[in-house]
>>> print(open('structure-v3.cif').read())   # mmCIF, C-alpha atoms and all ligand atoms
data_final
loop_
_atom_site.label_atom_id
_atom_site.label_comp_id
_atom_site.auth_asym_id
_atom_site.auth_seq_id
_atom_site.Cartn_x
_atom_site.Cartn_y
_atom_site.Cartn_z
CA MET F 1 0.79 -108.49 -35.10
CA VAL F 2 2.39 -105.33 -33.76
CA THR F 3 -0.08 -102.46 -33.48
CA ASP F 4 0.68 -99.07 -35.02
CA ASP F 5 1.25 -97.39 -31.66
CA ALA F 6 4.03 -99.82 -30.60
CA ARG F 7 7.23 -98.14 -29.36
CA GLY F 8 9.77 -97.85 -32.14
CA LYS F 9 7.34 -98.49 -34.95
CA VAL F 10 7.46 -96.15 -37.97
CA VAL F 11 4.58 -95.90 -40.42
CA VAL F 12 5.05 -93.87 -43.62
CA ARG F 13 1.66 -93.26 -45.19
CA ASN F 14 1.12 -91.74 -48.65
CA VAL F 15 4.01 -89.33 -48.25
CA THR F 16 4.66 -86.86 -51.05
CA LYS F 17 7.23 -84.06 -51.01
CA GLN F 18 6.96 -81.36 -53.62
CA PHE F 19 9.77 -78.85 -53.16
CA ASP F 20 8.53 -76.48 -55.84
CA ILE F 21 4.80 -75.92 -55.36
CA GLU F 22 4.66 -73.32 -58.21
CA ASN F 23 6.08 -75.79 -60.66
CA PRO F 24 4.45 -79.20 -60.22
CA ASP F 25 6.59 -80.86 -62.90
CA GLN F 26 9.77 -80.01 -61.06
CA GLY F 27 10.86 -80.48 -57.52
CA LEU F 28 8.69 -83.54 -56.93
CA ALA F 29 11.18 -85.44 -54.77
CA ILE F 30 9.00 -88.34 -53.61
CA LYS F 31 5.44 -89.28 -54.40
CA ASN F 32 2.96 -91.38 -52.50
CA VAL F 33 5.49 -93.40 -50.50
CA ASN F 34 4.19 -96.10 -48.18
CA PHE F 35 6.12 -98.42 -45.90
CA THR F 36 6.20 -99.61 -42.32
CA VAL F 37 9.22 -100.30 -40.15
CA GLN F 38 8.65 -102.67 -37.25
CA PRO F 39 10.04 -102.03 -33.75
CA ASN F 40 13.71 -103.16 -33.59
CA GLU F 41 13.85 -103.74 -37.30
CA PHE F 42 16.95 -102.79 -39.33
CA MET F 43 15.64 -101.34 -42.55
CA THR F 44 17.71 -99.84 -45.33
CA ILE F 45 16.80 -97.64 -48.27
CA VAL F 46 19.00 -97.94 -51.36
CA GLY F 47 18.69 -96.18 -54.68
CA ARG F 48 20.38 -93.88 -57.12
CA SER F 49 21.41 -90.36 -56.32
CA GLY F 50 18.41 -88.03 -56.30
CA CYS F 51 15.71 -90.66 -55.74
CA GLY F 52 14.60 -89.03 -52.49
CA LYS F 53 16.35 -91.06 -49.77
CA SER F 54 17.51 -88.06 -47.74
CA THR F 55 14.16 -86.34 -48.25
CA MET F 56 12.39 -89.41 -46.84
CA LEU F 57 14.71 -89.61 -43.84
CA ASN F 58 14.40 -85.88 -43.12
CA ILE F 59 10.62 -86.18 -43.14
CA ILE F 60 10.79 -89.08 -40.65
CA ALA F 61 13.17 -86.99 -38.54
CA GLY F 62 10.63 -84.15 -38.51
CA LEU F 63 13.07 -81.76 -40.20
CA LEU F 64 10.93 -81.47 -43.34
CA ASN F 65 7.15 -81.46 -43.60
CA PRO F 66 5.56 -83.66 -46.24
CA THR F 67 3.40 -81.91 -48.83
CA GLU F 68 0.91 -84.75 -48.47
CA GLY F 69 0.60 -87.79 -46.25
CA GLU F 70 2.02 -88.42 -42.81
CA VAL F 71 4.59 -90.29 -40.76
CA LEU F 72 3.44 -91.99 -37.56
CA ILE F 73 5.91 -92.88 -34.84
CA HIS F 74 4.58 -95.00 -31.99
CA GLY F 75 1.21 -94.13 -33.53
CA LYS F 76 1.71 -90.37 -33.24
CA ARG F 77 2.00 -88.04 -36.19
CA VAL F 78 5.46 -86.51 -36.65
CA THR F 79 5.45 -82.71 -36.74
CA GLU F 80 8.92 -81.90 -35.41
CA PRO F 81 12.20 -83.55 -34.35
CA GLY F 82 12.08 -85.47 -31.07
CA LEU F 83 14.33 -87.24 -28.58
CA ASP F 84 12.93 -90.58 -29.71
CA ARG F 85 14.84 -90.15 -33.01
CA GLY F 86 18.60 -89.79 -33.44
CA MET F 87 19.86 -88.61 -36.79
CA VAL F 88 23.22 -89.03 -38.47
CA PHE F 89 23.40 -86.76 -41.50
CA GLN F 90 24.97 -87.46 -44.87
CA SER F 91 27.80 -85.06 -44.08
CA ALA F 92 28.92 -84.70 -40.48
CA SER F 93 27.20 -81.71 -38.96
CA LEU F 94 29.07 -81.15 -35.73
CA PHE F 95 29.00 -77.98 -33.68
CA PRO F 96 32.32 -76.43 -34.77
CA TRP F 97 32.81 -74.51 -31.50
CA LEU F 98 32.61 -77.66 -29.37
CA ARG F 99 35.29 -80.31 -28.88
CA ALA F 100 34.57 -83.89 -30.00
CA ILE F 101 33.55 -85.01 -26.51
CA GLU F 102 31.43 -81.90 -25.96
CA ASN F 103 29.60 -82.58 -29.23
CA ILE F 104 28.74 -86.05 -27.95
CA GLU F 105 27.65 -84.67 -24.56
CA PHE F 106 25.49 -81.98 -26.10
CA GLY F 107 22.17 -83.85 -25.94
CA PRO F 108 22.64 -85.36 -22.46
CA ARG F 109 23.70 -81.94 -21.22
CA ASN F 110 20.60 -80.31 -22.67
CA ILE F 111 18.35 -82.65 -20.74
CA GLY F 112 20.27 -81.98 -17.53
CA LYS F 113 22.26 -85.20 -17.11
CA PRO F 114 24.86 -84.66 -14.34
CA ARG F 115 28.35 -83.79 -15.57
CA ASP F 116 30.13 -86.94 -14.35
CA GLU F 117 27.49 -89.19 -15.81
CA ARG F 118 27.44 -87.57 -19.22
CA ARG F 119 31.24 -87.44 -19.37
CA ALA F 120 31.45 -91.17 -18.61
CA LEU F 121 28.83 -91.91 -21.26
CA ALA F 122 30.63 -89.77 -23.85
CA GLN F 123 33.93 -91.45 -23.00
CA ASP F 124 32.36 -94.88 -23.59
CA LEU F 125 31.03 -93.69 -26.94
CA ILE F 126 34.44 -92.26 -27.90
CA LYS F 127 35.88 -95.71 -27.29
CA LEU F 128 33.07 -97.35 -29.23
CA VAL F 129 33.76 -95.30 -32.35
CA GLY F 130 37.53 -95.64 -31.99
CA LEU F 131 38.44 -92.03 -31.23
CA GLU F 132 40.36 -92.37 -27.98
CA GLY F 133 42.99 -89.65 -27.80
CA PHE F 134 40.95 -87.31 -30.01
CA GLU F 135 38.22 -86.37 -27.53
CA ASN F 136 39.50 -82.84 -27.02
CA LYS F 137 39.96 -81.98 -30.67
CA TYR F 138 37.68 -79.55 -32.46
CA PRO F 139 35.86 -80.79 -35.60
CA ARG F 140 38.20 -78.81 -37.88
CA GLU F 141 41.13 -80.78 -36.43
CA LEU F 142 39.55 -84.13 -37.36
CA SER F 143 39.39 -85.90 -40.73
CA GLY F 144 36.00 -86.25 -42.46
CA GLY F 145 35.69 -89.88 -41.36
CA MET F 146 36.54 -89.01 -37.77
CA GLN F 147 33.96 -86.22 -37.75
CA GLN F 148 31.39 -88.69 -39.01
CA ARG F 149 32.24 -91.07 -36.16
CA VAL F 150 31.71 -88.24 -33.66
CA ALA F 151 28.33 -87.59 -35.31
CA ILE F 152 27.39 -91.25 -34.87
CA ALA F 153 28.43 -91.16 -31.20
CA ARG F 154 26.43 -87.96 -30.73
CA ALA F 155 23.29 -89.61 -32.14
CA MET F 156 23.84 -92.63 -29.87
CA ALA F 157 24.31 -90.48 -26.77
CA MET F 158 20.60 -89.90 -26.32
CA ASP F 159 19.88 -93.62 -26.67
CA PRO F 160 17.01 -92.94 -29.08
CA GLU F 161 14.53 -95.68 -29.92
CA ILE F 162 14.90 -94.88 -33.58
CA LEU F 163 18.19 -94.25 -35.32
CA LEU F 164 18.03 -92.50 -38.71
CA MET F 165 21.30 -92.80 -40.60
CA ASP F 166 21.89 -91.10 -43.94
CA GLU F 167 24.94 -92.68 -45.60
CA PRO F 168 26.81 -92.50 -42.32
CA PHE F 169 29.82 -94.50 -43.51
CA GLY F 170 30.19 -92.91 -46.95
CA SER F 171 33.31 -90.95 -46.06
CA LEU F 172 35.11 -93.73 -44.18
CA ASP F 173 37.93 -95.85 -45.58
CA GLN F 174 36.99 -99.45 -46.31
CA LEU F 175 38.51 -100.99 -43.16
CA THR F 176 37.01 -98.42 -40.79
CA ARG F 177 33.73 -98.78 -42.62
CA GLU F 178 33.67 -102.53 -42.02
CA ASP F 179 34.54 -102.01 -38.34
CA MET F 180 31.70 -99.52 -38.02
CA GLN F 181 29.25 -101.87 -39.74
CA ARG F 182 30.08 -104.57 -37.19
CA GLU F 183 29.85 -102.08 -34.31
CA LEU F 184 26.51 -100.79 -35.51
CA LEU F 185 25.12 -104.33 -35.66
CA ARG F 186 26.45 -105.02 -32.18
CA ILE F 187 24.80 -101.89 -30.81
CA TRP F 188 21.58 -102.64 -32.62
CA GLU F 189 21.53 -106.22 -31.32
CA THR F 190 22.22 -105.19 -27.72
CA SER F 191 20.20 -102.00 -27.46
CA ARG F 192 17.21 -103.04 -29.56
CA LYS F 193 16.65 -99.99 -31.70
CA THR F 194 14.73 -99.43 -34.86
CA VAL F 195 17.26 -98.41 -37.50
CA ILE F 196 16.44 -96.73 -40.81
CA PHE F 197 19.64 -96.63 -42.80
CA VAL F 198 20.43 -95.10 -46.19
CA THR F 199 23.34 -96.22 -48.35
CA HIS F 200 24.50 -96.35 -51.97
CA SER F 201 26.22 -99.63 -51.27
CA ILE F 202 24.15 -102.72 -51.97
CA LEU F 203 26.78 -104.89 -50.28
CA GLU F 204 26.58 -102.79 -47.12
CA ALA F 205 22.77 -102.93 -47.19
CA ILE F 206 22.77 -106.74 -47.44
CA TYR F 207 25.35 -107.05 -44.67
CA LEU F 208 23.29 -104.97 -42.25
CA SER F 209 19.61 -105.18 -42.98
CA ASP F 210 16.56 -107.24 -42.14
CA ARG F 211 14.85 -105.58 -45.06
CA ILE F 212 15.89 -103.41 -48.00
CA LEU F 213 13.69 -100.95 -49.88
CA VAL F 214 14.86 -100.08 -53.36
CA PHE F 215 13.81 -96.55 -54.28
CA CYS F 216 13.37 -95.44 -57.88
CA PRO F 217 13.61 -91.79 -59.04
CA HIS F 218 11.33 -89.24 -60.79
CA PRO F 219 9.46 -89.19 -58.53
CA GLY F 220 11.05 -91.15 -55.71
CA ASN F 221 9.12 -94.19 -54.60
CA VAL F 222 9.57 -97.77 -53.40
CA ARG F 223 10.22 -99.96 -56.41
CA LYS F 224 10.79 -103.23 -54.63
CA GLU F 225 11.30 -104.66 -51.18
CA PHE F 226 13.71 -107.44 -50.20
CA THR F 227 13.78 -109.40 -46.97
CA ILE F 228 17.31 -110.59 -46.27
CA ASP F 229 16.93 -114.02 -44.87
CA LEU F 230 20.54 -114.80 -43.90
CA PRO F 231 21.95 -115.44 -40.43
CA ARG F 232 24.40 -112.86 -38.99
CA PRO F 233 27.31 -112.33 -39.19
CA ARG F 234 26.87 -112.53 -42.93
CA GLN F 235 29.57 -113.81 -45.22
CA LYS F 236 30.01 -111.27 -47.99
CA SER F 237 31.45 -113.91 -50.30
CA SER F 238 28.68 -116.49 -49.90
CA THR F 239 26.56 -117.58 -52.86
CA GLU F 240 23.33 -116.45 -51.20
CA TYR F 241 24.83 -113.03 -50.51
CA MET F 242 25.83 -112.59 -54.14
CA ALA F 243 22.39 -113.77 -55.30
CA TYR F 244 20.76 -110.97 -53.27
CA TYR F 245 23.31 -108.55 -54.67
CA GLU F 246 22.51 -109.40 -58.27
CA GLU F 247 18.77 -109.21 -57.77
CA ILE F 248 18.92 -105.85 -55.98
CA TYR F 249 21.40 -104.48 -58.51
CA GLU F 250 19.01 -105.31 -61.35
CA ASN F 251 16.24 -103.42 -59.59
CA ILE F 252 18.31 -100.30 -59.01
CA SER F 253 19.62 -100.02 -62.55
N1 LIG R 1 15.73 -78.41 -50.32
C1 LIG R 1 15.45 -78.79 -51.57
N2 LIG R 1 14.89 -77.93 -52.44
C2 LIG R 1 14.57 -78.30 -53.70
N3 LIG R 1 14.76 -79.56 -54.18
C3 LIG R 1 15.31 -80.45 -53.34
C4 LIG R 1 15.68 -80.12 -52.01
N4 LIG R 1 16.21 -81.23 -51.42
C5 LIG R 1 16.16 -82.19 -52.35
N5 LIG R 1 15.64 -81.74 -53.50
C6 LIG R 1 15.40 -82.53 -54.73
O1 LIG R 1 14.69 -83.71 -54.38
C7 LIG R 1 15.20 -84.84 -55.07
C8 LIG R 1 15.63 -85.90 -54.05
O2 LIG R 1 16.76 -85.43 -53.33
P1 LIG R 1 17.40 -86.24 -52.12
O3 LIG R 1 18.46 -85.40 -51.54
O4 LIG R 1 16.32 -86.69 -51.22
O5 LIG R 1 18.01 -87.50 -52.90
P2 LIG R 1 18.96 -88.67 -52.38
O6 LIG R 1 18.32 -89.95 -52.82
O7 LIG R 1 19.25 -88.49 -50.94
O8 LIG R 1 20.28 -88.45 -53.25
P3 LIG R 1 21.84 -88.76 -52.85
O9 LIG R 1 22.00 -90.24 -53.00
O10 LIG R 1 22.61 -88.00 -53.89
O11 LIG R 1 22.08 -88.26 -51.47
C9 LIG R 1 16.33 -84.33 -55.96
O12 LIG R 1 15.81 -84.13 -57.24
C10 LIG R 1 16.70 -83.00 -55.34
O13 LIG R 1 17.15 -82.10 -56.30
MG MG R 2 20.98 -88.12 -49.87
#
>>> encode(input="structure-v3.cif", output="structure tokens", more="lines below")
Ligand SMILES: Nc1ncnc2c1ncn2[C@@H]1O[C@H](COP(=O)(O)OP(=O)(O)OP(=O)(O)O)[C@@H](O)[C@H]1O
Ligand SMILES: [Mg+2]
Amino acid sequence: MVTDDARGKVVVRNVTKQFDIENPDQGLAIKNVNFTVQPNEFMTIVGRSGCGKSTMLNIIAGLLNPTEGEVLIHGKRVTEPGLDRGMVFQSASLFPWLRAIENIEFGPRNIGKPRDERRALAQDLIKLVGLEGFENKYPRELSGGMQQRVAIARAMAMDPEILLMDEPFGSLDQLTREDMQRELLRIWETSRKTVIFVTHSILEAIYLSDRILVFCPHPGNVRKEFTIDLPRPRQKSSTEYMAYYEEIYENIS
């Protein structure tokens, strides 16, 4: 039994987010959400557009305050963003005035990491996300998928215990997406992070996750939870894989 104050553990307790306080019938994004993510667990939230996935992730990130309830990270209540959490947003949100490599170095630079060290780290991350040769480009000179890969490298640069990823591969082509899925699993397996991942793709969720939460809308909440009990790397064409797919699909529809 892992206690609630364990490093990398995330506890979401009775979280409600009402965007429009004046109008209780509208703007209720999520209501009374409860779940726990264990240290080093890979957990994914799937669900239809508008069911509150980004809202949930932003609350865990400390970018939004819940109307009710609380999020505990290593046993401490979240009130603001912190270095223990790295976030990859649904659309790449790079600093437009910084080159790709400078975007990746931004965090390490802020905490005073020496120049040579942070440059070497950023260069490794550039290689990891397959952007060698593009390190000196500005975001506007990169495609959407390339910008997203810089955003992933930037989140990795601080080596956070918890990685929050909001549809990070949505704008990538299929082949790059599959490469990035494998890379993410490799990083997760070697660096032992807690990952909370959001995707529309059930197939992607099954490929990656230890556990999948299916969210339902109006108001957003956890409808069902699936533990994916398949060894990695997972074979997307296997019978067991497709059986999970069908069951999850039925619960989203
Ligand atoms: N800043 C905001 N102000 C008012 N309402 C909001 C705000 N952000 C989200 N909402 C509402 O909250 C609900 C959940 O939105 P959210 O963005 O969390 O959904 P999502 O599951 O991430 O959807 P998608 O899959 O399209 O990204 C929606 O009804 C949305 O309109
Ligand atoms: Mg979203």
>>> residues_near_ligand(input="structure-v3.cif", ligand="ligand MG 2 (chain R)", cutoff="9 Å", atoms="only C-alpha atoms and all ligand atoms", output="NGL selection string")
:F and (49-55 or 57 or 89-90 or 166-167 or 198-199)
>>> closest_atom_pairs(input="structure-v3.cif", of="chain F", to="ligand LIG 1 (chain R)", cutoff="12 Å", atoms="all atoms listed in the file", output="tab-separated table")
residue	atom	partner	partner_atom	distance
F:Thr16	CA	R:LIG1	O1	11.0
F:Lys17	CA	R:LIG1	O1	8.2
F:Gln18	CA	R:LIG1	N3	8.0
F:Phe19	CA	R:LIG1	C2	4.9
F:Asp20	CA	R:LIG1	C2	6.7
F:Ile21	CA	R:LIG1	C2	10.2
F:Glu22	CA	R:LIG1	C2	12.0
F:Asn23	CA	R:LIG1	C2	11.3
F:Pro24	CA	R:LIG1	N3	12.0
F:Asp25	CA	R:LIG1	O12	11.3
F:Gln26	CA	R:LIG1	O12	8.2
F:Gly27	CA	R:LIG1	N3	5.2
F:Leu28	CA	R:LIG1	O1	6.5
F:Ala29	CA	R:LIG1	O1	3.9
F:Ile30	CA	R:LIG1	C8	7.1
F:Lys31	CA	R:LIG1	C8	10.7
F:Ile45	CA	R:LIG1	O6	9.1
F:Val46	CA	R:LIG1	O6	8.2
F:Gly47	CA	R:LIG1	O6	6.5
F:Arg48	CA	R:LIG1	O9	5.7
F:Ser49	CA	R:LIG1	O9	3.4
F:Gly50	CA	R:LIG1	O5	3.5
F:Cys51	CA	R:LIG1	O6	4.0
F:Gly52	CA	R:LIG1	O4	3.2
F:Lys53	CA	R:LIG1	O6	3.8
F:Ser54	CA	R:LIG1	O7	3.7
F:Thr55	CA	R:LIG1	O4	3.7
F:Met56	CA	R:LIG1	O4	6.5
F:Leu57	CA	R:LIG1	O4	8.1
F:Asn58	CA	R:LIG1	O4	8.4
F:Ile59	CA	R:LIG1	O4	9.9
F:Leu63	CA	R:LIG1	N1	11.0
F:Leu64	CA	R:LIG1	N1	9.0
F:Asn65	CA	R:LIG1	N1	11.3
F:Phe89	CA	R:LIG1	O11	10.2
F:Gln90	CA	R:LIG1	O11	7.2
F:Ser91	CA	R:LIG1	O11	9.9
F:Met165	CA	R:LIG1	O7	11.4
F:Asp166	CA	R:LIG1	O7	7.9
F:Glu167	CA	R:LIG1	O11	7.9
F:Pro168	CA	R:LIG1	O11	11.1
F:Gly170	CA	R:LIG1	O11	10.4
F:Phe197	CA	R:LIG1	O7	11.5
F:Val198	CA	R:LIG1	O7	8.2
F:Thr199	CA	R:LIG1	O9	7.7
F:His200	CA	R:LIG1	O9	6.7
F:Ser201	CA	R:LIG1	O9	10.4
F:Val214	CA	R:LIG1	O6	10.7
F:Phe215	CA	R:LIG1	O6	8.1
F:Cys216	CA	R:LIG1	O6	9.0
F:Pro217	CA	R:LIG1	C8	8.0
F:His218	CA	R:LIG1	O12	7.7
F:Pro219	CA	R:LIG1	C7	8.0
F:Gly220	CA	R:LIG1	C8	7.2
F:Asn221	CA	R:LIG1	O6	10.3
F:Val222	CA	R:LIG1	O6	11.7
>>> atom_distance(input="structure-v3.cif", atom1="CA of Glu41 (chain F)", atom2="CA of Glu204 (chain F)")
16.1 Å
>>> residues_around(input="structure-v3.cif", residues="Gly86 (chain F)", least_positions_apart="2", cutoff="8 Å", atoms="all atoms listed in the file", output="MDAnalysis selection string")
chainID F and resid 61 83:84 88 155:156 158:164
>>> atom_distance(input="structure-v3.cif", atom1="CA of Arg140 (chain F)", atom2="CA of Leu184 (chain F)")
25.0 Å
>>> atom_distance(input="structure-v3.cif", atom1="CA of Asp5 (chain F)", atom2="CA of Glu80 (chain F)")
17.7 Å
>>> closest_residue(input="structure-v3.cif", among="F:Leu128, F:Leu121, F:Met87, F:Val37", to="Met180 (chain F)", atoms="all atoms listed in the file")
F:Leu128
>>> closest_residue(input="structure-v3.cif", among="F:His74, F:Gly69, F:Phe42, F:Lys236", to="Ser209 (chain F)", atoms="only C-alpha atoms")
F:Phe42
>>> residues_around(input="structure-v3.cif", residues="Thr176 (chain F)", least_positions_apart="6", cutoff="10 Å", atoms="all atoms listed in the file", output="list in words")
Val129, Gly130, Gly145, Met146, Arg149, Phe169 and Arg182 of chain F
>>> closest_residue(input="structure-v3.cif", among="F:Arg85, F:Arg115, F:Arg7, F:Arg77", to="Ile196 (chain F)", atoms="only C-alpha atoms")
F:Arg85
>>> closest_residue(input="structure-v3.cif", among="F:Arg177, F:Arg99, F:Arg192, F:Glu246", to="Ile206 (chain F)", atoms="all atoms listed in the file")
F:Glu246
>>> residues_around(input="structure-v3.cif", residues="Glu70 (chain F)", least_positions_apart="2", cutoff="10 Å", atoms="all atoms listed in the file", output="PDB file with C-alpha atoms, in the coordinates of the input")
ATOM      1  CA  VAL F  11       4.580 -95.900 -40.420  1.00  0.00           C
ATOM      2  CA  VAL F  12       5.050 -93.870 -43.620  1.00  0.00           C
ATOM      3  CA  ARG F  13       1.660 -93.260 -45.190  1.00  0.00           C
ATOM      4  CA  ASN F  14       1.120 -91.740 -48.650  1.00  0.00           C
ATOM      5  CA  VAL F  15       4.010 -89.330 -48.250  1.00  0.00           C
ATOM      6  CA  THR F  16       4.660 -86.860 -51.050  1.00  0.00           C
ATOM      7  CA  VAL F  33       5.490 -93.400 -50.500  1.00  0.00           C
ATOM      8  CA  ASN F  34       4.190 -96.100 -48.180  1.00  0.00           C
ATOM      9  CA  ILE F  59      10.620 -86.180 -43.140  1.00  0.00           C
ATOM     10  CA  ILE F  60      10.790 -89.080 -40.650  1.00  0.00           C
ATOM     11  CA  ASN F  65       7.150 -81.460 -43.600  1.00  0.00           C
ATOM     12  CA  PRO F  66       5.560 -83.660 -46.240  1.00  0.00           C
ATOM     13  CA  THR F  67       3.400 -81.910 -48.830  1.00  0.00           C
ATOM     14  CA  GLU F  68       0.910 -84.750 -48.470  1.00  0.00           C
ATOM     15  CA  LEU F  72       3.440 -91.990 -37.560  1.00  0.00           C
ATOM     16  CA  ILE F  73       5.910 -92.880 -34.840  1.00  0.00           C
ATOM     17  CA  LYS F  76       1.710 -90.370 -33.240  1.00  0.00           C
ATOM     18  CA  ARG F  77       2.000 -88.040 -36.190  1.00  0.00           C
ATOM     19  CA  VAL F  78       5.460 -86.510 -36.650  1.00  0.00           C
ATOM     20  CA  THR F  79       5.450 -82.710 -36.740  1.00  0.00           C
TER      21      THR F  79
END
>>> closest_residue(input="structure-v3.cif", among="F:Gly82, F:Pro39, F:Pro96, F:Pro231", to="Leu142 (chain F)", atoms="all atoms listed in the file")
F:Pro96
>>> closest_residue(input="structure-v3.cif", among="F:Gly144, F:Pro233, F:Pro114, F:Gly62", to="Leu185 (chain F)", atoms="all atoms listed in the file")
F:Pro233
>>> decode(input="structure-v3.cif", residues="region 40-61 of chain F", atoms="N, CA and C atoms", output="short mmCIF file (atom, residue, chain, number, x, y, z; two decimals), in the first residue's frame")
data_model
loop_
_atom_site.label_atom_id
_atom_site.label_comp_id
_atom_site.auth_asym_id
_atom_site.auth_seq_id
_atom_site.Cartn_x
_atom_site.Cartn_y
_atom_site.Cartn_z
N ASN F 40 4.67 6.41 -10.58
CA ASN F 40 5.19 5.69 -11.76
C ASN F 40 4.12 5.05 -12.63
N GLU F 41 2.88 5.34 -12.31
CA GLU F 41 1.81 4.75 -13.12
C GLU F 41 1.61 5.56 -14.41
N PHE F 42 1.22 4.89 -15.48
CA PHE F 42 0.85 5.56 -16.73
C PHE F 42 -0.66 5.50 -16.83
N MET F 43 -1.29 6.64 -16.59
CA MET F 43 -2.74 6.67 -16.60
C MET F 43 -3.28 7.60 -17.68
N THR F 44 -4.28 7.13 -18.39
CA THR F 44 -4.82 7.92 -19.50
C THR F 44 -6.30 8.20 -19.30
N ILE F 45 -6.68 9.43 -19.66
CA ILE F 45 -8.10 9.80 -19.65
C ILE F 45 -8.56 9.86 -21.10
N VAL F 46 -9.62 9.14 -21.42
CA VAL F 46 -10.23 9.23 -22.76
C VAL F 46 -11.67 9.69 -22.58
N GLY F 47 -12.22 10.23 -23.65
CA GLY F 47 -13.62 10.66 -23.59
C GLY F 47 -13.89 11.64 -24.70
N ARG F 48 -15.16 11.85 -24.95
CA ARG F 48 -15.57 12.73 -26.04
C ARG F 48 -15.15 14.17 -25.79
N SER F 49 -15.15 14.93 -26.87
CA SER F 49 -14.83 16.34 -26.79
C SER F 49 -15.79 17.03 -25.80
N GLY F 50 -15.21 17.82 -24.92
CA GLY F 50 -16.04 18.60 -24.00
C GLY F 50 -16.37 17.90 -22.68
N CYS F 51 -15.80 16.71 -22.45
CA CYS F 51 -16.15 15.99 -21.22
C CYS F 51 -15.25 16.40 -20.04
N GLY F 52 -14.37 17.36 -20.25
CA GLY F 52 -13.64 17.91 -19.11
C GLY F 52 -12.22 17.38 -18.93
N LYS F 53 -11.66 16.76 -19.95
CA LYS F 53 -10.31 16.19 -19.83
C LYS F 53 -9.25 17.28 -19.60
N SER F 54 -9.31 18.32 -20.44
CA SER F 54 -8.31 19.39 -20.29
C SER F 54 -8.52 20.13 -18.98
N THR F 55 -9.78 20.33 -18.61
CA THR F 55 -10.08 20.99 -17.33
C THR F 55 -9.43 20.21 -16.18
N MET F 56 -9.60 18.89 -16.22
CA MET F 56 -9.04 18.05 -15.15
C MET F 56 -7.52 18.17 -15.10
N LEU F 57 -6.90 18.12 -16.28
CA LEU F 57 -5.43 18.19 -16.33
C LEU F 57 -4.92 19.56 -15.86
N ASN F 58 -5.64 20.62 -16.27
CA ASN F 58 -5.23 21.96 -15.86
C ASN F 58 -5.37 22.16 -14.35
N ILE F 59 -6.33 21.49 -13.76
CA ILE F 59 -6.47 21.59 -12.29
C ILE F 59 -5.31 20.86 -11.62
N ILE F 60 -4.95 19.69 -12.15
CA ILE F 60 -3.80 18.95 -11.58
C ILE F 60 -2.52 19.77 -11.75
N ALA F 61 -2.43 20.46 -12.89
CA ALA F 61 -1.24 21.29 -13.15
C ALA F 61 -1.17 22.50 -12.24
#
